[in-house]
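*Asks:* One structure, as structure tokens, below. Some questions next.
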Amino acid sequence: MTESSAVADETFRALVRDFLRDSLSGDWKGLVGLGGPGREHEAHDERLAWDRHLAAHGWTCIGWPVEHGGRGLSLAQQVIFHEEYAEAGAPARVNHLGEELLGPTLIAFGTPEQQQRFLPPIRAVQELWCQGYSEPGAGSDLANVATRARLDESASDWVIDGQKVWTSLAHQAQWCFVIARTQPGSQRHHGLSYLLVPMEQPGIEVRPILQLTGTSEFNEVFFSGARTAGDLVVGAPGQGWAVAMATLAFERGVSTIGQQVGFRRELARLVDVAKRNGAWDDLVVRDRLLQADVELEVIRSNALRMLADESSGAAGQPSISKLLWATWHRKLGDLAMEVLGVDGLVCRADYDLDEWQRLFLFTRADTIYGGSNEIQRNILAERVLGLPREVRPGV
């Protein structure tokens, strides 16, 4: 990094910090710290309005190319934005799936018509998206997808039948990017297509899944003759696997730096709890808290190295990153219960969970969603270490 670029980056950091400070000390002050995994029920409408406030000031889609409505920021400046956003305690975004996953996918694989139709509403936070990947028989094993779509040539529509599960925020989304099998008789990753499907139609039923936390940010989605236009397939029909994998790579991008800042804030609050209730005096607990701090610094260093060398993703870096942060966060939930002791076992009236109880319960999911730990280890074993492929029945 040159001296001039370092100065430019620090100027940019001050710009971001000033904008967030001014915004969050005014009308948006009540949103500080709200939302996020396990807490998506918090102030959704207000956080949606906040996202649109960001859009109005040019703070959405900051890494998108300028020609697609983004800021075209450098990687370093994107990291700075996400760090400052997390440090400010700004509310969790409601447009993550559209901005961070589908948008970059359309920029890379979409037709000009698809880009013109969908990118502006994503940038303006006027249309929300959900992800139609996992199924009852195809969770982290995405190649086992059974949802089917056929092209009705008389209407030039795709007709979709099947079921998706663990679909985050499907009850609030207007659109869904769906992986469906479009070539009869195809198996595994062959014959899949990546379809853009409107959610507000008679052929789609959304059923919320009640979680251990008492909230329902995940859903089952049933497609029964649901339709979407024939030209709303991203990439070539039958070649959706490559597009789907690209989307997953975008999911583990620069925004994870902000996620780790959030983790550090959680750890700092837990250390404060330990010092107040005396758990810090237990040398075993103190050692585990200090070890968590060291591990988090390793996770951050690995993430920055991965982002600095985008080609490293081909060598399994995304899987390593997911394994590290998911396992760390689940362990933090366990550690929170150890710090709280018997107080962690007591629930307030009407199943009103506190911050740490919710963290403990929801982080059980961290090592499952976005690709389970078992799948990530298989990827590393087979694609990086060159070990024999796992035996899969019927394959």
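Ligands are numbered from 1 in the order shown, chains are lettered A, B, ... in the order of the structure tokens, and residues start at 1 in each chain.
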Which residues, written as a list in words, have at least one atom at most 8 Å from Ser224 in chain A, with only C-alpha atoms counted and residues fewer than 4 positions away on the same chain left out?
*Replies:*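 The neighbour list is Ile160, Asp161, Gly162, Gly203 and Ile204 of chain A.
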*Asks:* Just to be explicit: take each residue in the selection above, keep N, CA and C atoms, and write the result as a PDB file, in the first residue's frame.
*Replies:*
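out34.pdb, written as the output of this step:
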```pdb
ATOM      1  N   ILE A 160     -42.753 -24.592 -11.566  1.00  0.00           N
ATOM      2  CA  ILE A 160     -41.890 -25.123 -10.506  1.00  0.00           C
ATOM      3  C   ILE A 160     -42.715 -25.898  -9.487  1.00  0.00           C
ATOM      4  N   ASP A 161     -42.222 -27.091  -9.135  1.00  0.00           N
ATOM      5  CA  ASP A 161     -42.855 -27.912  -8.099  1.00  0.00           C
ATOM      6  C   ASP A 161     -41.776 -28.461  -7.179  1.00  0.00           C
ATOM      7  N   GLY A 162     -42.017 -28.359  -5.880  1.00  0.00           N
ATOM      8  CA  GLY A 162     -41.047 -28.883  -4.930  1.00  0.00           C
ATOM      9  C   GLY A 162     -41.125 -28.159  -3.610  1.00  0.00           C
ATOM     10  N   GLY A 203     -49.064 -20.032  -6.353  1.00  0.00           N
ATOM     11  CA  GLY A 203     -48.371 -21.321  -6.331  1.00  0.00           C
ATOM     12  C   GLY A 203     -47.275 -21.444  -5.301  1.00  0.00           C
ATOM     13  N   ILE A 204     -47.173 -20.472  -4.388  1.00  0.00           N
ATOM     14  CA  ILE A 204     -46.122 -20.519  -3.365  1.00  0.00           C
ATOM     15  C   ILE A 204     -46.745 -20.370  -1.991  1.00  0.00           C
TER      16      ILE A 204
END
```
*Asks:* Between range 107-127 of chain A and range 80-101 of chain A, at 8 Å or less, what are the per-residue closest atom pairs and their distances in Å? Count only C-alpha atoms, order by chain and rising residue number, and return it as JSON lines.
*Replies:*
```
{"residue": "A:Ile122", "atom": "CA", "partner": "A:Gly98", "partner_atom": "CA", "distance": 5.9}
{"residue": "A:Arg123", "atom": "CA", "partner": "A:Glu99", "partner_atom": "CA", "distance": 6.9}
{"residue": "A:Val125", "atom": "CA", "partner": "A:Asn95", "partner_atom": "CA", "distance": 6.6}
```
*Asks:* Taking N, CA, C and O atoms for each residue, export the selection above as a compact mmCIF listing (two decimals), in the first residue's frame.
*Replies:*
```txt
# COMPACT_ATOMS: atom_id res chain seq x y z
N ILE A 122 -32.59 -3.67 -6.04
CA ILE A 122 -31.75 -4.18 -4.94
C ILE A 122 -30.97 -3.03 -4.33
O ILE A 122 -30.93 -2.88 -3.10
N ARG A 123 -30.35 -2.22 -5.17
CA ARG A 123 -29.55 -1.11 -4.66
C ARG A 123 -30.41 -0.12 -3.87
O ARG A 123 -29.98 0.42 -2.85
N VAL A 125 -33.11 -0.92 -2.27
CA VAL A 125 -33.79 -1.69 -1.22
C VAL A 125 -35.31 -1.60 -1.39
O VAL A 125 -36.06 -1.42 -0.44
```
*Asks:* As number ranges by chain, please: all residues of range 125-182 of chain A that backbone DSSP puts in strand (DSSP E).
*Replies:* A: 129-132, 148-152, 157-164, 175-181
*Asks:* Which residue is closest to Val197 in chain A? Choose from A:Ser168, A:Asp157, A:Arg52, A:Thr213 and count only C-alpha atoms.
*Replies:*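 The closest residue to Val197 in chain A is A:Asp157.
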*Asks:* Please run DSSP on the backbone and report, as a VMD selection string, all residues within range 331-363 of chain A that come out as alpha helix (DSSP H).
*Replies:* chain A and resid 331 to 340 355 to 362
*Asks:* Please produce a file of the residues just selected, as a compact mmCIF listing (two decimals), in the first residue's frame, where the atoms kept are all heavy atoms.
*Replies:*
```txt
# COMPACT_ATOMS: atom_id res chain seq x y z
N LYS A 331 -18.85 -22.07 20.04
CA LYS A 331 -18.12 -22.20 21.31
C LYS A 331 -18.35 -21.00 22.21
O LYS A 331 -18.38 -21.13 23.44
CB LYS A 331 -16.63 -22.39 21.01
CG LYS A 331 -16.26 -23.76 20.47
CD LYS A 331 -14.86 -23.78 19.89
CE LYS A 331 -13.81 -23.42 20.91
NZ LYS A 331 -12.44 -23.48 20.32
N LEU A 332 -18.52 -19.81 21.61
CA LEU A 332 -18.80 -18.63 22.42
C LEU A 332 -20.14 -18.78 23.13
O LEU A 332 -20.29 -18.38 24.28
CB LEU A 332 -18.81 -17.37 21.55
CG LEU A 332 -18.99 -16.07 22.32
CD1 LEU A 332 -17.75 -15.79 23.19
CD2 LEU A 332 -19.25 -14.89 21.38
N GLY A 333 -21.13 -19.37 22.44
CA GLY A 333 -22.41 -19.63 23.09
C GLY A 333 -22.25 -20.56 24.28
O GLY A 333 -22.84 -20.34 25.35
N ASP A 334 -21.45 -21.61 24.12
CA ASP A 334 -21.17 -22.52 25.24
C ASP A 334 -20.48 -21.78 26.38
O ASP A 334 -20.82 -21.96 27.56
CB ASP A 334 -20.28 -23.67 24.77
CG ASP A 334 -20.94 -24.58 23.75
OD1 ASP A 334 -22.19 -24.61 23.70
OD2 ASP A 334 -20.21 -25.25 22.99
N LEU A 335 -19.52 -20.95 26.02
CA LEU A 335 -18.75 -20.22 27.03
C LEU A 335 -19.65 -19.23 27.78
O LEU A 335 -19.49 -19.03 29.00
CB LEU A 335 -17.60 -19.49 26.36
CG LEU A 335 -16.60 -18.75 27.25
CD1 LEU A 335 -16.06 -19.64 28.34
CD2 LEU A 335 -15.45 -18.20 26.39
N ALA A 336 -20.60 -18.63 27.09
CA ALA A 336 -21.53 -17.71 27.75
C ALA A 336 -22.31 -18.42 28.84
O ALA A 336 -22.52 -17.88 29.94
CB ALA A 336 -22.48 -17.11 26.72
N MET A 337 -22.74 -19.64 28.57
CA MET A 337 -23.48 -20.39 29.60
C MET A 337 -22.58 -20.73 30.78
O MET A 337 -23.02 -20.74 31.93
CB MET A 337 -24.06 -21.68 28.99
CG MET A 337 -25.17 -21.44 27.98
SD MET A 337 -26.62 -20.59 28.67
CE MET A 337 -26.31 -18.89 28.16
N GLU A 338 -21.30 -20.99 30.51
CA GLU A 338 -20.38 -21.29 31.60
C GLU A 338 -20.15 -20.04 32.46
O GLU A 338 -20.06 -20.13 33.69
CB GLU A 338 -19.06 -21.81 31.04
CG GLU A 338 -18.10 -22.31 32.10
CD GLU A 338 -16.94 -23.10 31.53
OE1 GLU A 338 -17.00 -23.48 30.34
OE2 GLU A 338 -15.97 -23.33 32.27
N VAL A 339 -20.05 -18.89 31.81
CA VAL A 339 -19.86 -17.64 32.55
C VAL A 339 -21.08 -17.33 33.40
O VAL A 339 -20.97 -16.91 34.57
CB VAL A 339 -19.57 -16.48 31.57
CG1 VAL A 339 -19.69 -15.13 32.27
CG2 VAL A 339 -18.18 -16.64 30.96
N LEU A 340 -22.27 -17.53 32.87
CA LEU A 340 -23.49 -17.22 33.59
C LEU A 340 -23.78 -18.20 34.72
O LEU A 340 -24.44 -17.85 35.70
CB LEU A 340 -24.69 -17.18 32.63
CG LEU A 340 -24.71 -16.05 31.61
CD1 LEU A 340 -25.94 -16.17 30.73
CD2 LEU A 340 -24.72 -14.69 32.30
N GLU A 355 -29.86 -11.99 26.14
CA GLU A 355 -28.91 -11.98 25.03
C GLU A 355 -28.09 -13.27 24.96
O GLU A 355 -27.87 -13.83 23.88
CB GLU A 355 -27.97 -10.78 25.19
CG GLU A 355 -26.81 -10.75 24.21
CD GLU A 355 -25.82 -9.64 24.50
OE1 GLU A 355 -25.96 -8.97 25.56
OE2 GLU A 355 -24.90 -9.44 23.69
N TRP A 356 -27.66 -13.76 26.12
CA TRP A 356 -26.74 -14.90 26.14
C TRP A 356 -27.46 -16.21 25.93
O TRP A 356 -26.92 -17.13 25.29
CB TRP A 356 -25.96 -14.89 27.45
CG TRP A 356 -25.27 -13.59 27.66
CD1 TRP A 356 -25.52 -12.64 28.61
CD2 TRP A 356 -24.22 -13.04 26.85
NE1 TRP A 356 -24.71 -11.55 28.45
CE2 TRP A 356 -23.89 -11.77 27.38
CE3 TRP A 356 -23.52 -13.51 25.73
CZ2 TRP A 356 -22.91 -10.97 26.82
CZ3 TRP A 356 -22.53 -12.70 25.16
CH2 TRP A 356 -22.23 -11.45 25.71
N GLN A 357 -28.66 -16.34 26.43
CA GLN A 357 -29.45 -17.54 26.17
C GLN A 357 -29.78 -17.66 24.69
O GLN A 357 -29.70 -18.74 24.10
CB GLN A 357 -30.73 -17.51 27.01
CG GLN A 357 -30.47 -17.67 28.50
CD GLN A 357 -31.69 -17.34 29.33
OE1 GLN A 357 -32.52 -16.50 28.95
NE2 GLN A 357 -31.80 -17.97 30.50
N ARG A 358 -30.13 -16.53 24.07
CA ARG A 358 -30.43 -16.55 22.64
C ARG A 358 -29.18 -16.89 21.84
O ARG A 358 -29.22 -17.64 20.86
CB ARG A 358 -31.00 -15.21 22.20
CG ARG A 358 -31.44 -15.19 20.73
CD ARG A 358 -32.03 -13.85 20.31
NE ARG A 358 -33.30 -13.62 20.97
CZ ARG A 358 -33.50 -12.71 21.92
NH1 ARG A 358 -32.48 -11.96 22.32
NH2 ARG A 358 -34.68 -12.55 22.46
N LEU A 359 -28.04 -16.33 22.26
CA LEU A 359 -26.78 -16.63 21.58
C LEU A 359 -26.48 -18.12 21.65
O LEU A 359 -26.13 -18.76 20.64
CB LEU A 359 -25.64 -15.84 22.22
CG LEU A 359 -24.23 -16.14 21.67
CD1 LEU A 359 -24.06 -15.51 20.30
CD2 LEU A 359 -23.15 -15.63 22.62
N PHE A 360 -26.62 -18.70 22.85
CA PHE A 360 -26.33 -20.12 23.02
C PHE A 360 -27.22 -20.97 22.12
O PHE A 360 -26.74 -21.89 21.43
CB PHE A 360 -26.53 -20.53 24.47
CG PHE A 360 -26.49 -22.02 24.70
CD1 PHE A 360 -25.30 -22.71 24.63
CD2 PHE A 360 -27.65 -22.73 24.95
CE1 PHE A 360 -25.25 -24.08 24.82
CE2 PHE A 360 -27.62 -24.10 25.14
CZ PHE A 360 -26.42 -24.78 25.07
N LEU A 361 -28.51 -20.67 22.08
CA LEU A 361 -29.44 -21.50 21.31
C LEU A 361 -29.25 -21.31 19.81
O LEU A 361 -29.22 -22.29 19.05
CB LEU A 361 -30.88 -21.17 21.71
CG LEU A 361 -31.29 -21.59 23.12
CD1 LEU A 361 -32.68 -21.08 23.45
CD2 LEU A 361 -31.23 -23.12 23.28
N PHE A 362 -29.11 -20.06 19.37
CA PHE A 362 -29.05 -19.85 17.92
C PHE A 362 -27.73 -20.29 17.33
O PHE A 362 -27.69 -20.74 16.17
CB PHE A 362 -29.31 -18.38 17.56
CG PHE A 362 -29.56 -18.19 16.08
CD1 PHE A 362 -30.81 -18.41 15.55
CD2 PHE A 362 -28.53 -17.84 15.23
CE1 PHE A 362 -31.04 -18.26 14.19
CE2 PHE A 362 -28.75 -17.70 13.86
CZ PHE A 362 -30.02 -17.91 13.35
```
*Asks:* Please list as a list in words every residue within 9 Å of Ala170 in chain A, counting only C-alpha atoms and excluding residues in the same chain fewer than 5 positions away.
*Replies:*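 Here the qualifying residues turn out to be Trp129, Cys130, Gln131, Gly132, Trp175, Cys176, Met199, Val206, Arg207, Pro208, Glu217, Phe218, Asn219, Glu220 and Val221 of chain A.
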*Asks:* Could the residues in this selection be written to a file with N, CA, C and O atoms, as a CSV table (one decimal), in the first residue's frame?
*Replies:*
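Listed below is the output, selection.csv:
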```
chain,number,residue,atom,x,y,z
A,129,TRP,N,-34.9,-10.2,-1.2
A,129,TRP,CA,-34.7,-11.6,-1.8
A,129,TRP,C,-34.5,-12.6,-0.7
A,129,TRP,O,-34.1,-12.3,0.4
A,130,CYS,N,-34.9,-13.9,-1.1
A,130,CYS,CA,-34.5,-15.0,-0.2
A,130,CYS,C,-33.8,-16.0,-1.1
A,130,CYS,O,-33.9,-15.9,-2.4
A,131,GLN,N,-33.3,-17.1,-0.5
A,131,GLN,CA,-32.4,-18.0,-1.2
A,131,GLN,C,-33.1,-19.4,-1.2
A,131,GLN,O,-33.2,-20.0,-0.1
A,132,GLY,N,-33.5,-19.9,-2.3
A,132,GLY,CA,-34.1,-21.2,-2.4
A,132,GLY,C,-33.1,-22.3,-2.8
A,132,GLY,O,-33.1,-22.8,-3.9
A,175,TRP,N,-38.9,-11.8,-3.8
A,175,TRP,CA,-38.3,-12.7,-4.9
A,175,TRP,C,-37.4,-13.7,-4.2
A,175,TRP,O,-37.0,-13.5,-3.1
A,176,CYS,N,-37.2,-14.8,-4.9
A,176,CYS,CA,-36.4,-15.9,-4.5
A,176,CYS,C,-35.5,-16.4,-5.6
A,176,CYS,O,-36.0,-16.6,-6.7
A,199,MET,N,-42.2,-14.3,-5.3
A,199,MET,CA,-42.8,-15.0,-4.2
A,199,MET,C,-44.3,-14.7,-4.0
A,199,MET,O,-45.0,-15.6,-3.5
A,206,VAL,N,-45.6,-20.2,2.1
A,206,VAL,CA,-44.5,-20.0,3.1
A,206,VAL,C,-45.0,-20.4,4.5
A,206,VAL,O,-46.0,-19.9,4.9
A,207,ARG,N,-44.3,-21.3,5.1
A,207,ARG,CA,-44.6,-21.7,6.5
A,207,ARG,C,-43.4,-21.5,7.4
A,207,ARG,O,-42.4,-22.1,7.3
A,208,PRO,N,-43.6,-20.5,8.3
A,208,PRO,CA,-42.5,-20.2,9.2
A,208,PRO,C,-42.1,-21.4,10.1
A,208,PRO,O,-43.0,-22.2,10.5
A,217,GLU,N,-37.2,-16.9,11.8
A,217,GLU,CA,-36.6,-16.3,10.6
A,217,GLU,C,-36.4,-17.3,9.5
A,217,GLU,O,-36.2,-16.9,8.3
A,218,PHE,N,-36.5,-18.6,9.8
A,218,PHE,CA,-36.4,-19.6,8.8
A,218,PHE,C,-37.8,-20.1,8.4
A,218,PHE,O,-38.7,-20.0,9.2
A,219,ASN,N,-37.9,-20.6,7.2
A,219,ASN,CA,-39.2,-21.0,6.7
A,219,ASN,C,-39.1,-22.2,5.8
A,219,ASN,O,-38.0,-22.5,5.2
A,220,GLU,N,-40.2,-22.9,5.7
A,220,GLU,CA,-40.4,-23.9,4.6
A,220,GLU,C,-41.1,-23.2,3.5
A,220,GLU,O,-42.0,-22.4,3.7
A,221,VAL,N,-40.8,-23.5,2.2
A,221,VAL,CA,-41.4,-22.9,1.1
A,221,VAL,C,-41.9,-24.0,0.1
A,221,VAL,O,-41.0,-24.8,-0.3
```
*Asks:* Looking at A:Gly33, A:Gly230, A:Val79, A:Gln201, which one is nearest to Glu153 in chain A, with distances taken over only C-alpha atoms?
*Replies:*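 Looking only at the distances to Glu153 in chain A, the closest residue turns out to be A:Gly230.
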*Asks:* Mind giving me the straight-line distance from CA of Ile209 in chain A to CA of Lys164 in chain A in Å, one decimal?
*Replies:*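 A separation of 12.1 Å between them.
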*Asks:* Take CA of Arg13 in chain A and CA of Leu73 in chain A and report the distance between them in Å, one decimal.
*Replies:*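 It comes out at 12.3 Å.
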*Asks:* Might you pull out every residue within 8 Å of range 41-43 of chain A, with only C-alpha atoms counted and same-chain residues fewer than 6 positions away left off, and present them as number ranges by chain?
*Replies:* A: 31, 34-35, 215-217
*Asks:* Within 10 Å of Ala149 in chain A, counting only C-alpha atoms, which residues qualify if same-chain residues fewer than 2 places away don't, as a list in words?
*Replies:*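 In the requested format, the answer is Ala146, Thr147, Leu151, Asp152, Asp157, Trp158, Val159, Ile160, Asp161, Gly162, Val178, Ile179, Ala180, Arg181, Thr182, Gln183, Pro184, Leu192, Ser193, Leu195, Phe223, Gly225, Ala226, Arg227 and Thr228 of chain A.
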